[in-house]
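K.L.:
Dropping in my_file.pdb, with PDB, C-alpha atoms (C1' of nucleotides).
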ATOM      1  CA  MET A 231     -11.597  14.035   3.946
ATOM      2  CA  LYS A 232     -15.078  14.793   5.227
ATOM      3  CA  TYR A 233     -17.574  17.509   4.462
ATOM      4  CA  TRP A 234     -19.713  19.496   6.872
ATOM      5  CA  LEU A 235     -22.203  22.282   7.167
ATOM      6  CA  LEU A 236     -21.972  24.758  10.042
ATOM      7  CA  LYS A 237     -24.827  27.069  10.879
ATOM      8  CA  THR A 238     -24.457  30.536  12.281
ATOM      9  CA  GLU A 239     -26.709  33.501  12.652
ATOM     10  CA  PRO A 240     -24.993  36.317  10.751
ATOM     11  CA  GLU A 241     -26.232  38.748  13.406
ATOM     12  CA  SER A 242     -23.929  37.057  15.869
ATOM     13  CA  PHE A 243     -21.140  35.834  13.569
ATOM     14  CA  SER A 244     -21.202  36.122   9.780
ATOM     15  CA  ILE A 245     -18.866  34.989   7.044
ATOM     16  CA  GLN A 246     -17.776  38.625   6.781
ATOM     17  CA  ASP A 247     -16.791  38.471  10.428
ATOM     18  CA  LEU A 248     -14.752  35.392   9.611
ATOM     19  CA  ALA A 249     -13.072  37.220   6.728
ATOM     20  CA  ALA A 250     -12.150  40.023   9.119
ATOM     21  CA  ALA A 251     -10.838  37.731  11.850
ATOM     22  CA  PRO A 252      -7.092  37.365  12.436
ATOM     23  CA  ASN A 253      -5.747  34.812   9.977
ATOM     24  CA  ARG A 254      -9.364  34.489   8.736
ATOM     25  CA  THR A 255      -9.688  31.881  11.464
ATOM     26  CA  THR A 256     -12.078  31.462  14.372
ATOM     27  CA  CYS A 257     -12.890  29.080  17.223
ATOM     28  CA  TRP A 258     -16.254  27.485  16.530
ATOM     29  CA  ASP A 259     -17.349  27.711  20.150
ATOM     30  CA  GLY A 260     -20.793  27.836  21.685
ATOM     31  CA  VAL A 261     -22.102  24.541  20.298
ATOM     32  CA  ARG A 262     -24.389  23.125  23.014
ATOM     33  CA  ASN A 263     -25.964  20.125  21.387
ATOM     34  CA  TYR A 264     -24.593  16.644  21.993
ATOM     35  CA  GLN A 265     -25.069  15.343  18.483
ATOM     36  CA  ALA A 266     -23.379  18.393  17.016
ATOM     37  CA  ARG A 267     -20.565  18.106  19.557
ATOM     38  CA  ASN A 268     -20.045  14.454  18.769
ATOM     39  CA  PHE A 269     -19.638  15.197  15.084
ATOM     40  CA  MET A 270     -16.965  17.778  15.923
ATOM     41  CA  ARG A 271     -15.240  15.652  18.547
ATOM     42  CA  ASP A 272     -15.368  12.256  16.870
ATOM     43  CA  GLU A 273     -15.339  12.874  13.156
ATOM     44  CA  MET A 274     -13.991  16.287  12.228
ATOM     45  CA  GLN A 275     -10.398  16.350  11.098
ATOM     46  CA  VAL A 276      -7.989  19.029  10.052
ATOM     47  CA  GLY A 277      -8.473  19.611   6.339
ATOM     48  CA  ASP A 278     -12.183  18.803   6.296
ATOM     49  CA  ARG A 279     -14.259  21.147   4.160
ATOM     50  CA  VAL A 280     -17.117  23.203   5.559
ATOM     51  CA  LEU A 281     -20.173  24.867   4.081
ATOM     52  CA  PHE A 282     -20.774  28.115   5.966
ATOM     53  CA  TYR A 283     -24.510  28.616   6.435
ATOM     54  CA  HIS A 284     -26.329  31.780   7.513
ATOM     55  CA  SER A 285     -29.478  30.900   9.471
ATOM     56  CA  ASN A 286     -32.099  33.409  10.544
ATOM     57  CA  ALA A 287     -30.937  35.523   7.627
ATOM     58  CA  ASN A 288     -32.622  37.185   4.681
ATOM     59  CA  PRO A 289     -32.607  34.891   2.901
ATOM     60  CA  PRO A 290     -31.161  31.944   4.802
ATOM     61  CA  ALA A 291     -28.256  30.826   2.626
ATOM     62  CA  ILE A 292     -24.923  29.113   2.253
ATOM     63  CA  ALA A 293     -22.521  32.042   2.173
ATOM     64  CA  GLY A 294     -19.226  30.333   1.421
ATOM     65  CA  THR A 295     -16.787  27.656   2.493
ATOM     66  CA  ALA A 296     -14.215  27.124   5.207
ATOM     67  CA  ILE A 297     -11.638  24.546   6.237
ATOM     68  CA  VAL A 298     -11.150  22.829   9.583
ATOM     69  CA  VAL A 299      -7.716  23.915  10.831
ATOM     70  CA  ARG A 300      -7.742  22.515  14.375
ATOM     71  CA  GLU A 301      -9.316  19.370  15.718
ATOM     72  CA  ALA A 302     -11.782  19.427  18.598
ATOM     73  CA  CYS A 303     -10.639  20.629  22.011
ATOM     74  CA  PRO A 304     -12.467  21.849  25.144
ATOM     75  CA  ASP A 305     -14.656  24.936  24.677
ATOM     76  CA  PRO A 306     -13.705  27.298  27.526
ATOM     77  CA  THR A 307     -16.767  29.510  27.006
ATOM     78  CA  ALA A 308     -18.788  26.707  28.630
ATOM     79  CA  TRP A 309     -17.470  27.552  32.112
ATOM     80  CA  LYS A 310     -17.159  31.297  31.609
ATOM     81  CA  ARG A 311     -19.800  32.785  33.877
ATOM     82  CA  GLY A 312     -21.887  35.311  32.033
ATOM     83  CA  ASP A 313     -21.117  33.884  28.607
ATOM     84  CA  ALA A 314     -24.162  33.475  26.401
ATOM     85  CA  HIS A 315     -23.457  29.739  26.256
ATOM     86  CA  PHE A 316     -22.426  29.271  29.880
ATOM     87  CA  ASP A 317     -23.122  25.767  31.186
ATOM     88  CA  PRO A 318     -22.999  25.388  34.977
ATOM     89  CA  LYS A 319     -22.198  21.684  34.629
ATOM     90  CA  ALA A 320     -19.012  22.353  32.652
ATOM     91  CA  SER A 321     -15.565  23.021  34.129
ATOM     92  CA  PRO A 322     -11.916  22.741  33.069
ATOM     93  CA  ASP A 323     -11.897  19.260  34.634
ATOM     94  CA  ASN A 324     -15.137  18.330  32.912
ATOM     95  CA  PRO A 325     -15.330  20.479  29.795
ATOM     96  CA  ILE A 326     -18.385  18.680  28.314
ATOM     97  CA  TRP A 327     -18.348  20.915  25.228
ATOM     98  CA  GLN A 328     -15.856  21.024  22.415
ATOM     99  CA  MET A 329     -14.949  23.373  19.613
ATOM    100  CA  VAL A 330     -12.854  23.271  16.451
ATOM    101  CA  ASP A 331     -11.096  26.045  14.574
ATOM    102  CA  ILE A 332     -12.103  26.905  11.048
ATOM    103  CA  GLN A 333     -10.458  29.144   8.483
ATOM    104  CA  LEU A 334     -12.273  30.947   5.696
ATOM    105  CA  ASP A 335     -11.809  29.384   2.284
ATOM    106  CA  GLU A 336     -14.013  31.482   0.039
ATOM    107  CA  ILE A 337     -17.027  33.745   0.175
ATOM    108  CA  PHE A 338     -19.409  32.878  -2.657
ATOM    109  CA  PRO A 339     -19.973  35.689  -5.206
ATOM    110  CA  ALA A 340     -23.661  35.338  -4.313
ATOM    111  CA  PRO A 341     -25.050  33.451  -1.301
ATOM    112  CA  LEU A 342     -26.988  30.300  -2.211
ATOM    113  CA  SER A 343     -30.430  30.677  -0.697
ATOM    114  CA  LEU A 344     -32.438  27.775   0.690
ATOM    115  CA  ASP A 345     -34.830  28.383  -2.172
ATOM    116  CA  ALA A 346     -32.112  27.968  -4.761
ATOM    117  CA  LEU A 347     -30.720  24.899  -2.999
ATOM    118  CA  ARG A 348     -34.113  23.205  -3.002
ATOM    119  CA  LYS A 349     -34.187  23.419  -6.786
ATOM    120  CA  VAL A 350     -31.031  21.354  -7.197
ATOM    121  CA  PRO A 351     -31.828  17.670  -7.808
ATOM    122  CA  ALA A 352     -28.434  16.574  -6.467
ATOM    123  CA  LEU A 353     -29.311  18.116  -3.084
ATOM    124  CA  LYS A 354     -32.658  16.402  -2.705
ATOM    125  CA  GLY A 355     -31.590  14.367   0.326
ATOM    126  CA  MET A 356     -29.458  17.016   1.991
ATOM    127  CA  GLU A 357     -29.896  17.216   5.770
ATOM    128  CA  LEU A 358     -30.183  21.002   5.661
ATOM    129  CA  LEU A 359     -33.232  20.748   3.409
ATOM    130  CA  ARG A 360     -34.980  18.192   5.577
ATOM    131  CA  ARG A 361     -38.094  19.524   7.255
ATOM    132  CA  GLY A 362     -37.355  20.242  10.891
ATOM    133  CA  SER A 363     -33.602  19.991  10.476
ATOM    134  CA  ARG A 364     -32.038  21.914  13.348
ATOM    135  CA  LEU A 365     -28.580  20.492  13.852
ATOM    136  CA  SER A 366     -26.010  23.270  13.753
ATOM    137  CA  VAL A 367     -23.204  20.894  12.800
ATOM    138  CA  GLN A 368     -24.187  18.414  10.127
ATOM    139  CA  PRO A 369     -22.390  16.049   7.787
ATOM    140  CA  VAL A 370     -22.568  16.715   4.055
ATOM    141  CA  LYS A 371     -21.980  14.173   1.307
ATOM    142  CA  LYS A 372     -19.168  14.797  -1.145
ATOM    143  CA  SER A 373     -21.681  14.785  -3.969
ATOM    144  CA  GLU A 374     -23.689  17.445  -2.156
ATOM    145  CA  PHE A 375     -20.634  19.560  -1.415
ATOM    146  CA  ASP A 376     -19.606  19.369  -5.067
ATOM    147  CA  ALA A 377     -23.098  20.287  -6.225
ATOM    148  CA  VAL A 378     -23.095  23.331  -3.940
ATOM    149  CA  LEU A 379     -19.717  24.477  -5.275
ATOM    150  CA  LYS A 380     -20.932  24.012  -8.804
ATOM    151  CA  LEU A 381     -24.034  26.068  -8.094
ATOM    152  CA  ALA A 382     -21.897  28.766  -6.470
ATOM    153  CA  LYS A 383     -19.815  29.048  -9.608
ATOM    154  CA  GLY A 384     -22.928  29.435 -11.715
ATOM    155  CA  ASP A 385     -22.180  26.337 -13.741
ATOM    156  CA  GLU A 386     -25.661  24.933 -13.682
ATOM    157  CA  GLY A 387     -27.308  24.730 -17.050
ATOM    158  CA  ILE A 388     -24.244  26.046 -18.825
ATOM    159  CA  GLY A 389     -21.667  23.975 -20.596
ATOM    160  CA  ARG A 390     -22.171  20.596 -22.184
ATOM    161  CA  PRO A 391     -25.805  19.923 -23.034
ATOM    162  CA  LYS A 392     -27.164  16.851 -21.272
ATOM    163  CA  SER A 393     -28.049  15.184 -24.577
ATOM    164  CA  CYS A 394     -24.437  14.937 -25.708
TER
ATOM    165  C1'  DG B 207     -44.423  36.849  15.938
ATOM    166  C1'  DC B 208     -46.165  32.214  14.642
ATOM    167  C1'  DC B 209     -45.471  27.605  15.027
ATOM    168  C1'  DA B 210     -43.567  22.882  13.756
ATOM    169  C1'  DA B 211     -40.001  20.062  15.117
ATOM    170  C1'  DC B 212     -37.378  18.257  18.350
ATOM    171  C1'  DG B 213     -34.084  18.290  22.472
ATOM    172  C1'  DT B 214     -34.014  18.549  27.501
ATOM    173  C1'  DT B 215     -35.744  18.348  32.092
ATOM    174  C1'  DG B 216     -37.743  16.444  35.954
ATOM    175  C1'  DG B 217     -41.669  14.262  38.497
ATOM    176  C1'  DC B 218     -43.246   9.899  39.134
TER
ATOM    177  C1'  DG C  92     -37.725   4.559  31.932
ATOM    178  C1'  DC C  93     -42.040   7.059  30.702
ATOM    179  C1'  DC C  94     -43.823  11.190  29.278
ATOM    180  C1'  DA C  95     -45.685  15.920  29.899
ATOM    181  C1'  DA C  96     -43.979  20.391  30.199
ATOM    182  C1'  DC C  97     -40.947  23.448  28.659
ATOM    183  C1'  DG C  98     -37.233  25.638  25.898
ATOM    184  C1'  DT C  99     -34.915  26.375  21.515
ATOM    185  C1'  DT C 100     -34.258  26.517  16.616
ATOM    186  C1'  DG C 101     -35.182  28.562  12.571
ATOM    187  C1'  DG C 102     -38.141  28.989   8.347
ATOM    188  C1'  DC C 103     -41.842  31.600   7.115
TER
END
Go through the file and emit its structure as structure tokens.

P.N.:
Amino acid sequence: MKYWLLKTEPESFSIQDLAAAPNRTTCWDGVRNYQARNFMRDEMQVGDRVLFYHSNANPPAIAGTAIVVREACPDPTAWKRGDAHFDPKASPDNPIWQMVDIQLDEIFPAPLSLDALRKVPALKGMELLRRGSRLSVQPVKKSEFDAVLKLAKGDEGIGRPKSC
DNA sequence: GCCAACGTTGGC
DNA sequence: GCCAACGTTGGC
């Protein structure tokens, strides 16, 4: 099983929108970056876990988790004239762009802001926290995913003292 | 709204 | 294939 982070601007599609969607599931369409597409097309599998990230938000934050429920397939919005992500080079015969389906897993009790994430030692090398990181689909290490879940549950600093 | 980072485009 | 111009992302 692999772990991912998907970015979305909550103004256009938020985790609340996902919660309200039929079957709490949505097509992750509109990705128009080759590296991001390749991750979806070549590496994402049904059952993979996803961190759901709100970019251009106040504050920017990981808002919850989701699960990949359908592997990559052609993204029909690419050849839909007038669509915000219309690509004149794409067609049903040459789709170019792909999408997956994701289903909401959980909304965190409190979103984990970039600020808070930067304070977690286990996340030091996380792609999201890299300066200039712009990829909207990025791989996440298991250790990072686990650290995020732990932070979301408010476990940090509580429990067994480090010295024991 | 600024601007750094980085992807894409297109002339050559 | 180089690279300057341009567009986009996204934190601040």

K.L.:
List every residue of chain A that has an atom at most 8 Å from any atom of chain C, and for each one report the closest atom pair and its distance in Å to one decimal, counting all atoms listed in the file, with rows sorted by chain and then by increasing residue number, as CSV.

P.N.:
residue,atom,partner,partner_atom,distance
A:Ser285,CA,C:DG101,C1',6.9
A:Asn286,CA,C:DG101,C1',6.1
A:Arg364,CA,C:DT100,C1',6.1

K.L.:
Could you check the closest approach to Trp234 (chain A) for each of A:Thr295, A:Ser363, A:Ser343, A:Asn263 and tell me which residue wins, using all atoms listed in the file?

P.N.:
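Of A:Thr295, A:Ser363, A:Ser343, A:Asn263, the one nearest Trp234 (chain A), counting all atoms listed in the file, is A:Thr295.
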
K.L.:
Step by step, work through what the PyMOL selection byres ((chain A and resi 314-331) around 7) selects in the shown file, and finish by giving those residues as a list in words.

P.N.:
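With the PyMOL selection byres ((chain A and resi 314-331) around 7) on this model, the match is Thr255, Thr256, Cys257, Trp258, Asp259, Gly260, Arg262, Arg267, Met270, Arg271, Val298, Val299, Arg300, Glu301, Ala302, Cys303, Pro304, Asp305, Thr307, Ala308, Trp309, Lys310, Arg311, Gly312, Asp313, Ile332 and Gln333 of chain A.
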
K.L.:
Could you list, as a PDB file with C-alpha atoms, keeping the file's coordinate frame, every residue within 9 Å of Ser366 (chain A), counting only C-alpha atoms (C1' of nucleotides) and ignoring same-chain residues fewer than 2 positions away?

P.N.:
ATOM      1  CA  LEU A 235     -22.203  22.282   7.167  1.00  0.00           C
ATOM      2  CA  LEU A 236     -21.972  24.758  10.042  1.00  0.00           C
ATOM      3  CA  LYS A 237     -24.827  27.069  10.879  1.00  0.00           C
ATOM      4  CA  THR A 238     -24.457  30.536  12.281  1.00  0.00           C
ATOM      5  CA  VAL A 261     -22.102  24.541  20.298  1.00  0.00           C
ATOM      6  CA  ASN A 263     -25.964  20.125  21.387  1.00  0.00           C
ATOM      7  CA  ALA A 266     -23.379  18.393  17.016  1.00  0.00           C
ATOM      8  CA  SER A 363     -33.602  19.991  10.476  1.00  0.00           C
ATOM      9  CA  ARG A 364     -32.038  21.914  13.348  1.00  0.00           C
ATOM     10  CA  GLN A 368     -24.187  18.414  10.127  1.00  0.00           C
TER      11      GLN A 368
END

K.L.:
Between CA of Pro341 (chain A) and CA of Gly384 (chain A), what is the spacing in Å?

P.N.:
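Pair CA of Gly384 (chain A) / CA of Pro341 (chain A) returns 11.4 Å.
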
K.L.:
Can you list what the PyMOL selection byres ((chain A and resi 382) around 12) grabs from this structure, as a list in words?

P.N.:
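Selection result, ordered by chain and number: Leu281, Ala291, Ile292, Ala293, Gly294, Thr295, Glu336, Ile337, Phe338, Pro339, Ala340, Pro341, Leu342, Ser343, Ala346, Leu347, Val350, Phe375, Asp376, Ala377, Val378, Leu379, Lys380, Leu381, Lys383, Gly384, Asp385 and Glu386 of chain A.
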
K.L.:
Place N, CA and C atoms on region 310-327 of chain A and deliver the coordinates as an mmCIF file, in the frame of the given file.

P.N.:
data_model
loop_
_atom_site.group_PDB
_atom_site.id
_atom_site.type_symbol
_atom_site.label_atom_id
_atom_site.label_comp_id
_atom_site.auth_asym_id
_atom_site.auth_seq_id
_atom_site.Cartn_x
_atom_site.Cartn_y
_atom_site.Cartn_z
ATOM 1 N N LYS A 310 -17.361 29.868 31.406
ATOM 2 C CA LYS A 310 -17.159 31.297 31.609
ATOM 3 C C LYS A 310 -18.483 31.913 32.052
ATOM 4 N N ARG A 311 -18.561 32.229 33.330
ATOM 5 C CA ARG A 311 -19.800 32.785 33.877
ATOM 6 C C ARG A 311 -20.173 34.055 33.101
ATOM 7 N N GLY A 312 -21.438 34.130 32.754
ATOM 8 C CA GLY A 312 -21.887 35.311 32.033
ATOM 9 C C GLY A 312 -21.856 35.144 30.532
ATOM 10 N N ASP A 313 -21.137 34.143 30.044
ATOM 11 C CA ASP A 313 -21.117 33.884 28.607
ATOM 12 C C ASP A 313 -22.505 33.428 28.153
ATOM 13 N N ALA A 314 -22.840 33.800 26.928
ATOM 14 C CA ALA A 314 -24.162 33.475 26.401
ATOM 15 C C ALA A 314 -24.409 31.966 26.397
ATOM 16 N N HIS A 315 -23.316 31.199 26.329
ATOM 17 C CA HIS A 315 -23.457 29.739 26.256
ATOM 18 C C HIS A 315 -22.906 29.061 27.509
ATOM 19 N N PHE A 316 -22.897 29.802 28.606
ATOM 20 C CA PHE A 316 -22.426 29.271 29.880
ATOM 21 C C PHE A 316 -23.213 28.023 30.270
ATOM 22 N N ASP A 317 -22.488 26.998 30.713
ATOM 23 C CA ASP A 317 -23.122 25.767 31.186
ATOM 24 C C ASP A 317 -22.596 25.448 32.578
ATOM 25 N N PRO A 318 -23.454 25.574 33.589
ATOM 26 C CA PRO A 318 -22.999 25.388 34.977
ATOM 27 C C PRO A 318 -22.414 24.009 35.243
ATOM 28 N N LYS A 319 -22.721 23.032 34.403
ATOM 29 C CA LYS A 319 -22.198 21.684 34.629
ATOM 30 C C LYS A 319 -20.785 21.514 34.073
ATOM 31 N N ALA A 320 -20.332 22.471 33.286
ATOM 32 C CA ALA A 320 -19.012 22.353 32.652
ATOM 33 C C ALA A 320 -17.934 23.003 33.512
ATOM 34 N N SER A 321 -16.718 22.467 33.419
ATOM 35 C CA SER A 321 -15.565 23.021 34.129
ATOM 36 C C SER A 321 -14.315 22.587 33.391
ATOM 37 N N PRO A 322 -13.158 23.185 33.731
ATOM 38 C CA PRO A 322 -11.916 22.741 33.069
ATOM 39 C C PRO A 322 -11.664 21.243 33.246
ATOM 40 N N ASP A 323 -12.073 20.697 34.407
ATOM 41 C CA ASP A 323 -11.897 19.260 34.634
ATOM 42 C C ASP A 323 -12.922 18.417 33.889
ATOM 43 N N ASN A 324 -14.041 19.019 33.606
ATOM 44 C CA ASN A 324 -15.137 18.330 32.912
ATOM 45 C C ASN A 324 -15.711 19.282 31.856
ATOM 46 N N PRO A 325 -14.990 19.430 30.766
ATOM 47 C CA PRO A 325 -15.330 20.479 29.795
ATOM 48 C C PRO A 325 -16.693 20.284 29.130
ATOM 49 N N ILE A 326 -17.115 19.053 28.969
ATOM 50 C CA ILE A 326 -18.385 18.680 28.314
ATOM 51 C C ILE A 326 -18.418 19.098 26.843
ATOM 52 N N TRP A 327 -18.170 20.381 26.586
ATOM 53 C CA TRP A 327 -18.348 20.915 25.228
ATOM 54 C C TRP A 327 -17.014 21.120 24.518
#
